[in-house]
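my_file07.txt follows; it contains compact mmCIF, C-alpha atoms and all ligand atoms.
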# COMPACT_ATOMS: atom_id res chain seq x y z
CA MET D 1 104.99 77.61 127.26
CA THR D 2 105.63 75.56 124.12
CA THR D 3 108.03 76.05 121.25
CA ALA D 4 107.47 76.30 117.50
CA LYS D 5 109.65 76.13 114.43
CA ALA D 6 109.94 79.47 112.66
CA TYR D 7 112.00 81.55 110.24
CA ALA D 8 113.62 84.65 111.72
CA ALA D 9 115.92 87.49 110.77
CA ALA D 10 118.79 87.75 113.28
CA GLY D 11 119.71 91.24 112.08
CA ALA D 12 118.91 93.85 109.43
CA THR D 13 121.36 92.45 106.92
CA THR D 14 121.17 88.73 107.67
CA PRO D 15 119.01 86.39 105.57
CA LEU D 16 116.09 84.80 107.39
CA ALA D 17 116.84 81.30 108.67
CA GLY D 18 115.22 78.46 110.60
CA THR D 19 114.97 78.80 114.38
CA THR D 20 112.76 77.88 117.35
CA ILE D 21 110.55 80.41 119.13
CA PRO D 22 108.41 80.30 122.29
CA ARG D 23 104.59 80.30 122.08
CA ARG D 24 102.38 80.79 125.12
CA ASP D 25 100.11 78.05 126.43
CA PRO D 26 96.55 78.88 125.32
CA ALA D 27 94.73 80.93 128.00
CA ASP D 28 90.95 80.80 128.49
CA HIS D 29 90.10 82.92 125.43
CA ASP D 30 92.97 81.75 123.23
CA LEU D 31 93.10 79.58 120.16
CA GLN D 32 96.17 77.61 119.19
CA ILE D 33 96.40 77.56 115.41
CA GLU D 34 98.46 75.34 113.11
CA ILE D 35 99.58 77.67 110.33
CA LEU D 36 98.94 76.31 106.82
CA TYR D 37 99.82 79.34 104.65
CA CYS D 38 101.37 82.71 105.33
CA GLY D 39 101.54 85.48 102.72
CA ILE D 40 104.67 87.61 102.30
CA CYS D 41 103.88 91.31 102.69
CA HIS D 42 106.35 94.05 101.78
CA SER D 43 105.96 95.21 105.41
CA ASP D 44 107.67 91.95 106.41
CA LEU D 45 110.69 92.98 104.36
CA HIS D 46 110.65 96.60 105.63
CA THR D 47 110.60 95.24 109.19
CA ALA D 48 113.12 92.40 108.77
CA ARG D 49 115.56 94.95 107.34
CA ASN D 50 114.75 97.64 109.94
CA GLU D 51 113.69 100.11 107.23
CA TRP D 52 111.14 101.70 109.56
CA SER D 53 113.73 102.23 112.32
CA SER D 54 112.57 105.79 113.08
CA ILE D 55 108.92 104.75 113.63
CA MET D 56 109.01 101.10 114.72
CA PRO D 57 112.58 99.89 115.27
CA THR D 58 112.98 96.17 114.74
CA VAL D 59 113.87 93.96 117.69
CA TYR D 60 115.81 90.83 116.70
CA PRO D 61 115.32 87.99 116.23
CA CYS D 62 112.34 89.07 114.11
CA VAL D 63 109.74 86.58 112.83
CA PRO D 64 107.55 88.44 110.31
CA GLY D 65 104.26 87.25 108.78
CA HIS D 66 100.77 88.69 109.24
CA GLU D 67 98.77 87.01 106.49
CA ILE D 68 98.01 83.80 108.31
CA VAL D 69 95.56 81.03 107.48
CA GLY D 70 95.46 77.86 109.53
CA ARG D 71 93.43 75.37 111.49
CA VAL D 72 92.47 75.51 115.16
CA THR D 73 94.29 72.78 117.12
CA HIS D 74 93.36 73.76 120.68
CA THR D 75 90.77 76.03 122.29
CA GLY D 76 90.93 77.70 125.71
CA SER D 77 88.17 76.88 128.20
CA ALA D 78 86.18 80.09 127.57
CA VAL D 79 86.35 80.06 123.76
CA THR D 80 82.92 80.30 122.14
CA LYS D 81 83.49 81.29 118.51
CA PHE D 82 85.74 78.49 117.24
CA LYS D 83 86.21 74.77 117.74
CA VAL D 84 89.11 72.42 117.05
CA GLY D 85 89.41 71.79 113.31
CA ASP D 86 87.94 75.13 112.21
CA LEU D 87 89.73 77.26 109.63
CA ALA D 88 91.11 80.45 111.16
CA GLY D 89 92.72 83.64 109.89
CA VAL D 90 95.06 86.03 111.69
CA GLY D 91 96.06 89.39 110.25
CA CYS D 92 98.16 92.27 111.53
CA LEU D 93 96.44 92.69 114.92
CA VAL D 94 96.48 90.25 117.84
CA ASP D 95 95.23 92.47 120.68
CA SER D 96 94.04 95.94 121.73
CA ASP D 97 92.62 97.50 124.92
CA ARG D 98 89.03 96.82 123.68
CA THR D 99 87.65 99.80 125.63
CA CYS D 100 88.96 103.00 124.01
CA PRO D 101 86.79 104.99 121.58
CA ASN D 102 88.66 103.49 118.61
CA CYS D 103 88.04 99.93 119.79
CA GLN D 104 84.40 100.76 120.49
CA ALA D 105 84.12 102.06 116.93
CA GLY D 106 85.58 98.80 115.59
CA LEU D 107 88.83 100.55 114.66
CA GLU D 108 91.22 98.50 116.79
CA GLN D 109 94.06 99.42 114.41
CA PHE D 110 94.02 102.93 115.93
CA CYS D 111 93.88 101.79 119.57
CA PRO D 112 96.81 103.27 121.50
CA ALA D 113 97.35 99.86 123.09
CA MET D 114 97.00 97.71 119.98
CA VAL D 115 99.40 94.80 119.61
CA LEU D 116 100.68 93.96 116.15
CA THR D 117 101.28 90.33 115.18
CA TYR D 118 105.05 90.75 115.08
CA ASN D 119 107.70 93.12 116.41
CA PHE D 120 105.42 94.49 119.13
CA PRO D 121 105.72 94.11 122.94
CA ASP D 122 104.32 90.71 123.92
CA ARG D 123 102.16 91.10 127.07
CA HIS D 124 102.15 87.37 127.76
CA LEU D 125 105.72 86.18 127.34
CA GLY D 126 107.63 89.47 127.46
CA GLY D 127 109.94 90.34 124.58
CA ILE D 128 108.21 90.91 121.28
CA THR D 129 105.47 89.18 119.32
CA TYR D 130 106.45 86.65 116.64
CA GLY D 131 104.51 86.41 113.39
CA GLY D 132 103.33 83.82 110.95
CA TYR D 133 106.55 82.47 109.42
CA SER D 134 106.04 79.70 111.92
CA GLU D 135 104.28 76.36 112.34
CA SER D 136 101.82 77.66 114.95
CA ILE D 137 100.52 80.74 116.77
CA VAL D 138 98.36 81.41 119.84
CA VAL D 139 95.84 84.28 119.54
CA ASP D 140 92.81 85.54 121.47
CA GLU D 141 89.71 84.37 119.61
CA ASN D 142 88.44 87.96 119.37
CA PHE D 143 91.29 88.71 116.97
CA VAL D 144 90.83 85.60 114.84
CA LEU D 145 88.84 85.72 111.60
CA ARG D 146 86.59 83.18 109.91
CA ILE D 147 87.72 82.05 106.45
CA PRO D 148 84.87 81.31 104.02
CA GLN D 149 84.91 77.59 103.15
CA ASN D 150 84.89 78.13 99.38
CA LEU D 151 88.13 80.11 99.25
CA GLU D 152 91.37 78.47 98.19
CA LEU D 153 93.59 78.75 101.26
CA ALA D 154 96.95 79.81 99.78
CA GLY D 155 95.21 82.71 98.04
CA ALA D 156 93.05 83.54 101.07
CA ALA D 157 96.04 84.18 103.36
CA PRO D 158 96.97 87.54 101.72
CA LEU D 159 93.43 88.81 102.33
CA LEU D 160 94.38 89.18 106.01
CA CYS D 161 96.65 92.15 105.21
CA ALA D 162 96.75 93.03 101.50
CA GLY D 163 92.99 92.43 101.32
CA ILE D 164 91.81 94.50 104.27
CA THR D 165 94.38 97.26 103.71
CA THR D 166 92.93 97.97 100.28
CA TYR D 167 89.26 97.13 100.95
CA SER D 168 89.04 99.51 103.92
CA PRO D 169 90.05 102.79 102.18
CA LEU D 170 88.05 101.91 99.06
CA ARG D 171 84.96 101.57 101.25
CA HIS D 172 85.81 104.56 103.45
CA TRP D 173 86.16 106.86 100.44
CA GLY D 174 82.91 105.69 98.89
CA VAL D 175 84.25 103.87 95.85
CA THR D 176 81.28 102.62 93.92
CA ARG D 177 79.77 102.43 90.44
CA GLY D 178 80.40 105.58 88.42
CA LYS D 179 83.60 106.59 90.26
CA LYS D 180 86.94 106.85 88.49
CA VAL D 181 89.54 105.14 90.65
CA GLY D 182 93.31 104.89 90.21
CA ILE D 183 95.48 102.17 91.75
CA VAL D 184 99.21 102.94 91.90
CA GLY D 185 101.62 99.99 92.01
CA LEU D 186 100.53 96.52 90.91
CA GLY D 187 102.05 94.48 93.72
CA GLY D 188 100.42 92.47 96.49
CA LEU D 189 98.26 95.32 97.77
CA GLY D 190 97.70 96.90 94.36
CA HIS D 191 96.37 93.76 92.70
CA MET D 192 93.88 93.25 95.55
CA ALA D 193 92.81 96.89 95.21
CA VAL D 194 92.12 96.32 91.51
CA LYS D 195 89.95 93.29 92.28
CA PHE D 196 87.98 95.15 94.96
CA ALA D 197 87.55 98.39 93.00
CA ARG D 198 86.29 96.34 90.08
CA ALA D 199 83.91 94.34 92.29
CA LEU D 200 82.57 97.63 93.72
CA GLY D 201 81.75 98.73 90.17
CA ALA D 202 84.26 101.56 89.70
CA HIS D 203 86.10 102.52 86.51
CA VAL D 204 89.59 101.27 87.39
CA VAL D 205 92.87 102.68 86.07
CA VAL D 206 96.13 100.97 87.06
CA PHE D 207 99.37 102.96 87.23
CA THR D 208 102.42 100.77 86.93
CA THR D 209 106.14 101.19 86.33
CA SER D 210 106.22 97.69 84.81
CA PRO D 211 105.01 97.59 81.17
CA GLY D 212 105.04 93.77 81.36
CA LYS D 213 102.14 93.86 83.85
CA ARG D 214 99.70 95.50 81.41
CA ASP D 215 97.87 92.32 80.36
CA ASP D 216 97.67 91.07 83.93
CA ALA D 217 96.24 94.39 85.09
CA LEU D 218 93.44 94.11 82.52
CA ARG D 219 92.80 90.48 83.46
CA LEU D 220 92.63 91.41 87.16
CA GLY D 221 89.90 93.95 86.42
CA ALA D 222 91.44 97.23 85.24
CA ASP D 223 89.61 99.18 82.55
CA GLU D 224 92.77 101.08 81.61
CA VAL D 225 96.50 100.75 82.31
CA VAL D 226 98.90 103.70 82.39
CA ILE D 227 102.68 103.29 82.38
CA SER D 228 103.45 105.88 85.03
CA ARG D 229 106.88 106.80 83.67
CA ASP D 230 105.22 108.05 80.44
CA ALA D 231 104.39 111.73 81.11
CA ASN D 232 102.11 111.99 78.07
CA GLU D 233 99.99 109.05 79.14
CA MET D 234 99.77 110.51 82.65
CA GLN D 235 98.76 113.95 81.36
CA LYS D 236 95.73 112.50 79.55
CA HIS D 237 94.18 111.75 82.96
CA ALA D 238 94.88 115.18 84.57
CA GLY D 239 92.13 116.37 86.93
CA SER D 240 89.90 113.37 86.37
CA PHE D 241 90.04 110.97 89.34
CA ASP D 242 87.61 110.75 92.25
CA PHE D 243 90.00 108.60 94.23
CA ILE D 244 93.52 107.22 93.91
CA LEU D 245 95.01 104.52 96.15
CA ASP D 246 98.81 104.52 96.29
CA ALA D 247 100.29 101.12 97.22
CA VAL D 248 103.91 101.78 96.30
CA SER D 249 106.63 100.52 98.63
CA ALA D 250 109.49 102.78 97.47
CA ASP D 251 110.33 106.42 96.84
CA HIS D 252 108.22 108.04 94.07
CA ASP D 253 106.69 111.42 93.20
CA LEU D 254 103.25 111.90 94.76
CA ASN D 255 102.70 115.24 93.02
CA THR D 256 102.21 113.52 89.68
CA TYR D 257 99.21 111.70 91.19
CA VAL D 258 97.81 114.71 93.09
CA GLN D 259 97.41 116.54 89.77
CA LEU D 260 95.38 113.67 88.37
CA LEU D 261 92.67 114.19 91.01
CA ALA D 262 89.43 116.01 90.16
CA ARG D 263 88.05 118.74 92.44
CA ASP D 264 87.64 117.29 95.96
CA GLY D 265 89.41 114.13 94.85
CA ASN D 266 91.40 112.15 97.39
CA LEU D 267 94.75 110.39 97.21
CA THR D 268 95.17 107.80 99.97
CA LEU D 269 98.53 106.28 100.79
CA VAL D 270 98.69 102.72 101.99
CA GLY D 271 102.26 102.20 100.80
CA ALA D 272 104.79 102.97 103.53
CA PRO D 273 108.15 103.85 101.93
CA GLU D 274 111.15 104.24 104.17
CA LYS D 275 111.66 107.97 103.49
CA PRO D 276 109.23 110.96 103.58
CA LEU D 277 107.57 111.91 100.27
CA PRO D 278 107.49 115.68 99.51
CA VAL D 279 104.13 117.15 98.45
CA SER D 280 103.53 120.55 96.85
CA ALA D 281 100.84 122.53 98.68
CA PHE D 282 99.60 124.05 95.43
CA GLY D 283 98.55 120.73 93.95
CA LEU D 284 96.20 120.30 96.91
CA LEU D 285 95.04 123.92 97.22
CA PHE D 286 93.80 124.51 93.72
CA ALA D 287 91.12 121.89 93.53
CA ARG D 288 90.53 121.30 97.26
CA ARG D 289 92.18 117.91 96.85
CA SER D 290 93.10 115.87 99.89
CA LEU D 291 95.86 113.49 100.82
CA SER D 292 95.25 110.73 103.39
CA GLY D 293 96.65 107.56 104.81
CA SER D 294 95.00 104.32 105.84
CA LEU D 295 96.18 101.53 108.13
CA ILE D 296 94.94 97.96 107.63
CA GLY D 297 91.36 97.73 109.05
CA GLY D 298 89.50 96.75 112.22
CA ILE D 299 88.46 93.22 113.08
CA ALA D 300 84.79 93.60 112.11
CA GLU D 301 85.66 95.16 108.76
CA THR D 302 88.24 92.43 108.12
CA GLN D 303 85.49 89.84 108.61
CA GLU D 304 83.19 91.87 106.33
CA MET D 305 85.94 91.87 103.68
CA LEU D 306 86.46 88.10 104.02
CA ASP D 307 82.72 87.46 103.72
CA PHE D 308 82.63 89.72 100.64
CA CYS D 309 85.50 87.68 99.17
CA GLY D 310 83.58 84.49 99.92
CA GLU D 311 80.50 85.80 98.08
CA GLN D 312 82.48 87.12 95.12
CA ASN D 313 85.06 84.30 95.14
CA ILE D 314 87.95 86.76 95.44
CA THR D 315 91.42 85.60 96.54
CA ALA D 316 94.92 86.87 95.86
CA ASP D 317 96.83 85.60 92.82
CA VAL D 318 99.61 83.75 94.56
CA GLU D 319 102.88 82.03 93.82
CA VAL D 320 103.12 79.32 96.47
CA ILE D 321 106.66 78.77 97.75
CA PRO D 322 108.35 76.58 100.37
CA ILE D 323 109.77 78.59 103.26
CA GLN D 324 113.28 77.73 102.10
CA LYS D 325 112.72 80.16 99.17
CA LEU D 326 111.88 83.08 101.49
CA ASN D 327 115.04 85.13 100.96
CA GLU D 328 114.81 84.68 97.20
CA ALA D 329 111.18 85.82 97.36
CA TYR D 330 112.23 89.00 99.21
CA GLU D 331 114.74 89.84 96.47
CA ARG D 332 112.12 89.25 93.78
CA MET D 333 109.59 91.40 95.66
CA LEU D 334 112.14 94.23 95.71
CA LYS D 335 112.39 93.98 91.93
CA SER D 336 108.57 94.18 91.60
CA ASP D 337 108.77 90.61 90.32
CA VAL D 338 105.87 89.02 92.18
CA LYS D 339 102.70 87.79 90.49
CA TYR D 340 101.14 89.05 92.73
CA ARG D 341 101.76 87.70 96.22
CA PHE D 342 104.04 85.00 97.57
CA SER D 343 102.26 82.57 99.87
CA ILE D 344 104.39 80.23 101.97
CA ASP D 345 103.23 76.62 102.18
CA MET D 346 104.02 76.08 105.85
CA ALA D 347 104.19 72.29 105.48
CA SER D 348 107.68 73.00 104.12
CA LEU D 349 108.77 74.10 107.61
CA LYS D 350 108.40 70.52 108.85
CA ALA D 351 111.49 69.58 106.79
CA GLU D 352 113.68 72.01 108.81
P1 LIG Y 401 104.81 94.86 96.71
O1 LIG Y 401 104.06 93.60 96.45
O2 LIG Y 401 106.30 94.84 96.68
O3 LIG Y 401 104.25 95.95 95.68
C1 LIG Y 401 104.79 97.24 95.59
C2 LIG Y 401 104.62 97.74 94.15
O4 LIG Y 401 105.05 99.10 94.13
C3 LIG Y 401 105.48 97.04 93.14
O5 LIG Y 401 104.94 95.85 92.66
C4 LIG Y 401 105.60 98.08 92.05
O6 LIG Y 401 104.46 98.05 91.21
C5 LIG Y 401 105.56 99.39 92.83
N1 LIG Y 401 106.91 99.95 92.98
C6 LIG Y 401 107.98 99.37 93.59
N2 LIG Y 401 109.05 100.18 93.55
C7 LIG Y 401 108.64 101.31 92.92
C8 LIG Y 401 109.27 102.55 92.59
N3 LIG Y 401 110.56 102.77 92.90
N4 LIG Y 401 108.53 103.51 91.97
C9 LIG Y 401 107.25 103.28 91.66
N5 LIG Y 401 106.60 102.13 91.92
C10 LIG Y 401 107.28 101.17 92.56
O7 LIG Y 401 104.42 95.45 98.13
P2 LIG Y 401 103.05 95.30 98.98
O8 LIG Y 401 103.18 94.13 99.88
O9 LIG Y 401 101.91 95.42 98.06
O10 LIG Y 401 103.15 96.59 99.93
C11 LIG Y 401 103.15 97.89 99.37
C12 LIG Y 401 103.45 98.91 100.45
O11 LIG Y 401 102.32 98.96 101.35
C13 LIG Y 401 104.66 98.58 101.34
O12 LIG Y 401 105.34 99.78 101.64
C14 LIG Y 401 104.02 97.99 102.58
O13 LIG Y 401 104.83 98.12 103.72
C15 LIG Y 401 102.78 98.85 102.69
N6 LIG Y 401 101.71 98.28 103.50
C16 LIG Y 401 100.94 99.15 104.20
C17 LIG Y 401 99.86 98.69 104.92
C18 LIG Y 401 98.97 99.66 105.63
O14 LIG Y 401 98.24 99.26 106.54
N7 LIG Y 401 98.95 100.90 105.23
C19 LIG Y 401 99.59 97.32 104.98
C20 LIG Y 401 100.39 96.46 104.23
C21 LIG Y 401 101.45 96.94 103.49
P3 LIG Y 401 104.58 98.24 89.60
O15 LIG Y 401 105.52 97.14 89.15
O16 LIG Y 401 103.18 98.05 89.15
O17 LIG Y 401 105.09 99.62 89.38
ZN ZN Y 402 101.09 93.48 105.46
Starting from the file, lay out its structure as C-alpha cells.
Amino acid sequence: MTTAKAYAAAGATTPLAGTTIPRRDPADHDLQIEILYCGICHSDLHTARNEWSSIMPTVYPCVPGHEIVGRVTHTGSAVTKFKVGDLAGVGCLVDSDRTCPNCQAGLEQFCPAMVLTYNFPDRHLGGITYGGYSESIVVDENFVLRIPQNLELAGAAPLLCAGITTYSPLRHWGVTRGKKVGIVGLGGLGHMAVKFARALGAHVVVFTTSPGKRDDALRLGADEVVISRDANEMQKHAGSFDFILDAVSADHDLNTYVQLLARDGNLTLVGAPEKPLPVSAFGLLFARRSLSGSLIGGIAETQEMLDFCGEQNITADVEVIPIQKLNEAYERMLKSDVKYRFSIDMASLKAE
C-alpha cells in the first residue's frame, strides 16, 4: 500500500480539505496513474454533502472526482493495453463483475457488482473507493480509457463523465440530422450535450434559467435558446420535440418539458436532483410520450465517445482552478455560475 495526497470532505457540512489517503499497490492488471486534471461534476457536490443519502449514503472521509486525466506511472506485470508514460482517462467506473449480461453487453454501468470511482465499497483495501481529487489512482487497465493525443487535457477530463453521460442517451435515442432536440440546463453536462447534439446534426434548442448564457449557448452550437422561466417562449415549442435531455441538478417542473414533446417523443433525465420530481400521467398519455433516465455509459461507449471527440476536436469549455479553490468552485456551481466546467490542475496539490 502507498499513500497519496488528496482533498476530502470529513462530513456533509465541512469544506473539503487536504488529507492523505491509501492507494493499493498495483496488481497484475493495474495501472498506477499520476492525475493531471480532474473535472468537478455536480455529482461530486451531491455526494460530498450527502444529498443522495436515501440512495447512496456518503461514507466519510469522502474524496470525490470521476473526471480524471493523467499519465501512467507504473504498470502491473500482466498489463497489455498501456505502457508507462501513456495518457490515461478514468471516469465513474473502476470495476464490475465482467460476466453478467450487462457487462457482456458493454453496459458495465448497470452491472449489479459495479464499483464506482468514489464512495463505493473498495474490494482491495476495504472501506470505500477514493476518487480523483488526488495526486494518483490505481485502476484495472480494463476500466482505463485512451485519451486522443490532440485533445487539450484540462478540457478532456470532463469528457469522462459529463461527456459520456450526454453522448450515450443522445446516441441511444437516435439523435441525428433532422431531429429537434432540447437540452435543459446549460451546466457541465448540458454544454457537452449541446456540442454533441450539434455534431450529430440535430436542430438544437437550449433551455436555460440564466439569460446571461444565451450568447454562449449559440456559440456552443445551439440553433435556438429559450429562457425556461418565460411561459410564452416555452409555449411556442409545444408538441414539437423528438427528444429532450434534462441535465438539471435541482428541483424543477418536468411537466413543462413533457408537453413540449411531439408524439412518441422522449424526455431523458440525466440530472439527479435530491428530491423526487412529480410527473402528470396525462402529459405522457396523450401523445404516447415517454420519460427515461440514463446513467453514464459503458467502457466501450466511453472510448467511442473519446475517439469521436478526437476526430471532431471536442472538449469541455473549462475554467482551470487550483485545488485550493475547490470549495469556492462548489459554491459557484450551486449558483449556476460555471462556464462550463471547473477542471482542477492537480499540480496545485503538490503545494499542500
Ligand atoms: P451543473 O454544472 O451544476 O449544471 C446544472 C445546471 O442546471 C445549471 O447550470 C443550471 O443551468 C441548471 N439549474 C440549476 N439549478 C436549477 C434550478 N433550480 N432550476 C432549473 N435549472 C437549474 O451540474 P452538472 O455537473 O452538469 O450535473 C447536472 C446533474 O446531472 C447533477 O444532478 C448531477 O449529479 C447529474 N449527473 C448525472 C449523471 C448520470 O449518469 N445520470 C452523471 C453526471 C452528473 P442554467 O443556468 O442553464 O439554467
Ligand atoms: Zn459526474
Shell of 7 Å around ligand ZN 402 (chain Y) (only C-alpha atoms and all ligand atoms), written as a PyMOL selection string: chain D and resi 41-44+66-67+92+161-162
Where does chain D meet ligand LIG 401 (chain Y) within 6 Å, residue by residue, with the nearest atom pair and distance in Å to one decimal for each, counting all atoms listed in the file, listed by chain and rising number, as CSV?
residue,atom,partner,partner_atom,distance
D:Cys41,CA,Y:LIG401,O8,4.0
D:His42,CA,Y:LIG401,O8,3.7
D:Ser43,CA,Y:LIG401,O13,3.5
D:Cys161,CA,Y:LIG401,C20,5.8
D:Ala162,CA,Y:LIG401,C20,5.7
D:Thr165,CA,Y:LIG401,O14,5.2
D:Gly185,CA,Y:LIG401,O6,3.5
D:Leu186,CA,Y:LIG401,O16,3.5
D:Gly187,CA,Y:LIG401,O3,3.3
D:Gly188,CA,Y:LIG401,O9,3.7
D:Leu189,CA,Y:LIG401,O9,3.7
D:Gly190,CA,Y:LIG401,O9,5.8
D:Thr208,CA,Y:LIG401,O16,3.6
D:Thr209,CA,Y:LIG401,O17,3.6
D:Ser210,CA,Y:LIG401,O15,4.4
D:Ala247,CA,Y:LIG401,C11,4.8
D:Val248,CA,Y:LIG401,O4,3.6
D:Ser249,CA,Y:LIG401,O12,3.4
D:Ala250,CA,Y:LIG401,N3,4.7
D:Asp251,CA,Y:LIG401,N3,5.4
D:His252,CA,Y:LIG401,N4,5.0
D:Val270,CA,Y:LIG401,N7,3.7
D:Gly271,CA,Y:LIG401,O11,3.3
D:Ala272,CA,Y:LIG401,O12,3.7
D:Pro273,CA,Y:LIG401,O12,5.0
D:Ser294,CA,Y:LIG401,N7,5.3
D:Leu295,CA,Y:LIG401,O14,3.5
D:Ile296,CA,Y:LIG401,O14,3.7
D:Met333,CA,Y:LIG401,O2,4.9
D:Leu334,CA,Y:LIG401,O2,6.0
D:Ser336,CA,Y:LIG401,O5,4.1
Between CA of Lys213 in chain D and CA of Asp337 in chain D, what is the distance in Å, rounded to a tenth? 9.8 Å
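Here CA of Ile40 in chain D is placed at a distance of 6.1 Å from CA of Ser343 in chain D.
Among the candidates D:Tyr118, D:Glu135, D:Glu311, D:Glu328, the one nearest to Lys350 in chain D when counting all atoms listed in the file is D:Glu135.
Within 12 Å of Leu349 in chain D, once only C-alpha atoms are used and residues closer than 6 positions along the same chain are dropped, the contacting residues are Ala4, Lys5, Ala6, Tyr7, Ala17, Gly18, Thr19, Thr20, Glu34, Ile35, Leu36, Tyr37, Cys38, Gly132, Tyr133, Ser134, Glu135, Ser136, Ile321, Pro322, Ile323, Gln324, Lys325 and Leu326 of chain D.
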As lines of an AutoDock Vina configuration file, please: the centre and edge lengths in Å, to one decimal, of an axis-aligned box enclosing every listed atom of range 315-329 of chain D with 5 Å added on each side.
center_x = 103.2
center_y = 81.7
center_z = 98.0
size_x = 33.6
size_y = 20.3
size_z = 20.4
For Gly221 in chain D, list every protein, DNA or RNA residue within 8 Å, evaluated using only C-alpha atoms, and leave out those in the same chain fewer than 5 positions away; present the list as a VMD selection string. chain D and resid 194 to 195 198 204
Writer output for current selection, C-alpha atoms, as a JSON list (two decimals), in the frame of the given file:
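Dumped everything to selection-v5.json:
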[["chain", "number", "residue", "atom", "x", "y", "z"],
["D", 194, "VAL", "CA", 92.12, 96.32, 91.51],
["D", 195, "LYS", "CA", 89.95, 93.29, 92.28],
["D", 198, "ARG", "CA", 86.29, 96.34, 90.08],
["D", 204, "VAL", "CA", 89.59, 101.27, 87.39]]
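Between CA of Arg171 in chain D and CA of Ile344 in chain D the separation is 28.9 Å.
The shortest atom-to-atom distance to His191 in chain D, with all atoms listed in the file taken into account, belongs to D:Arg214 out of D:Arg263, D:Arg214, D:Arg98, D:Lys236.
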Using all atoms listed in the file, which protein or nucleic acid residues come within 10 Å of Leu87 in chain D? Drop anything in the same chain fewer than 2 positions from it, and give the result as a ChimeraX atom specification. /D:33-36,69-73,82-85,89,144-149,153
Set the distance at 12 Å and use all atoms listed in the file: which residues neighbour Phe196 in chain D once local chain neighbours fewer than 6 positions away are removed? I'd like the list as a VMD selection string. chain D and resid 159 162 to 171 175 to 177 181 183 189 to 190 202 to 204 220 to 222 245 305 to 306 308 to 309 312 to 316
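Here the question is which of D:Asp140, D:Ala156, D:Leu31, D:Thr268 gets nearest to Met192 in chain D using only C-alpha atoms, and that residue is D:Ala156.
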Can I get the residues of range 7-30 of chain D within 12 Å of range 53-58 of chain D, each with the closest pair of atoms and their distance in Å to one decimal, using only C-alpha atoms, sorted chain first then ascending number, as JSON lines?
{"residue": "D:Ala8", "atom": "CA", "partner": "D:Thr58", "partner_atom": "CA", "distance": 11.9}
{"residue": "D:Ala9", "atom": "CA", "partner": "D:Thr58", "partner_atom": "CA", "distance": 10.0}
{"residue": "D:Ala10", "atom": "CA", "partner": "D:Thr58", "partner_atom": "CA", "distance": 10.3}
{"residue": "D:Gly11", "atom": "CA", "partner": "D:Thr58", "partner_atom": "CA", "distance": 8.8}
{"residue": "D:Ala12", "atom": "CA", "partner": "D:Thr58", "partner_atom": "CA", "distance": 8.3}
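Nearest residue to His124 in chain D among D:Cys100, D:Val63, D:Ala48, D:Met1 is D:Met1, counting all atoms listed in the file.
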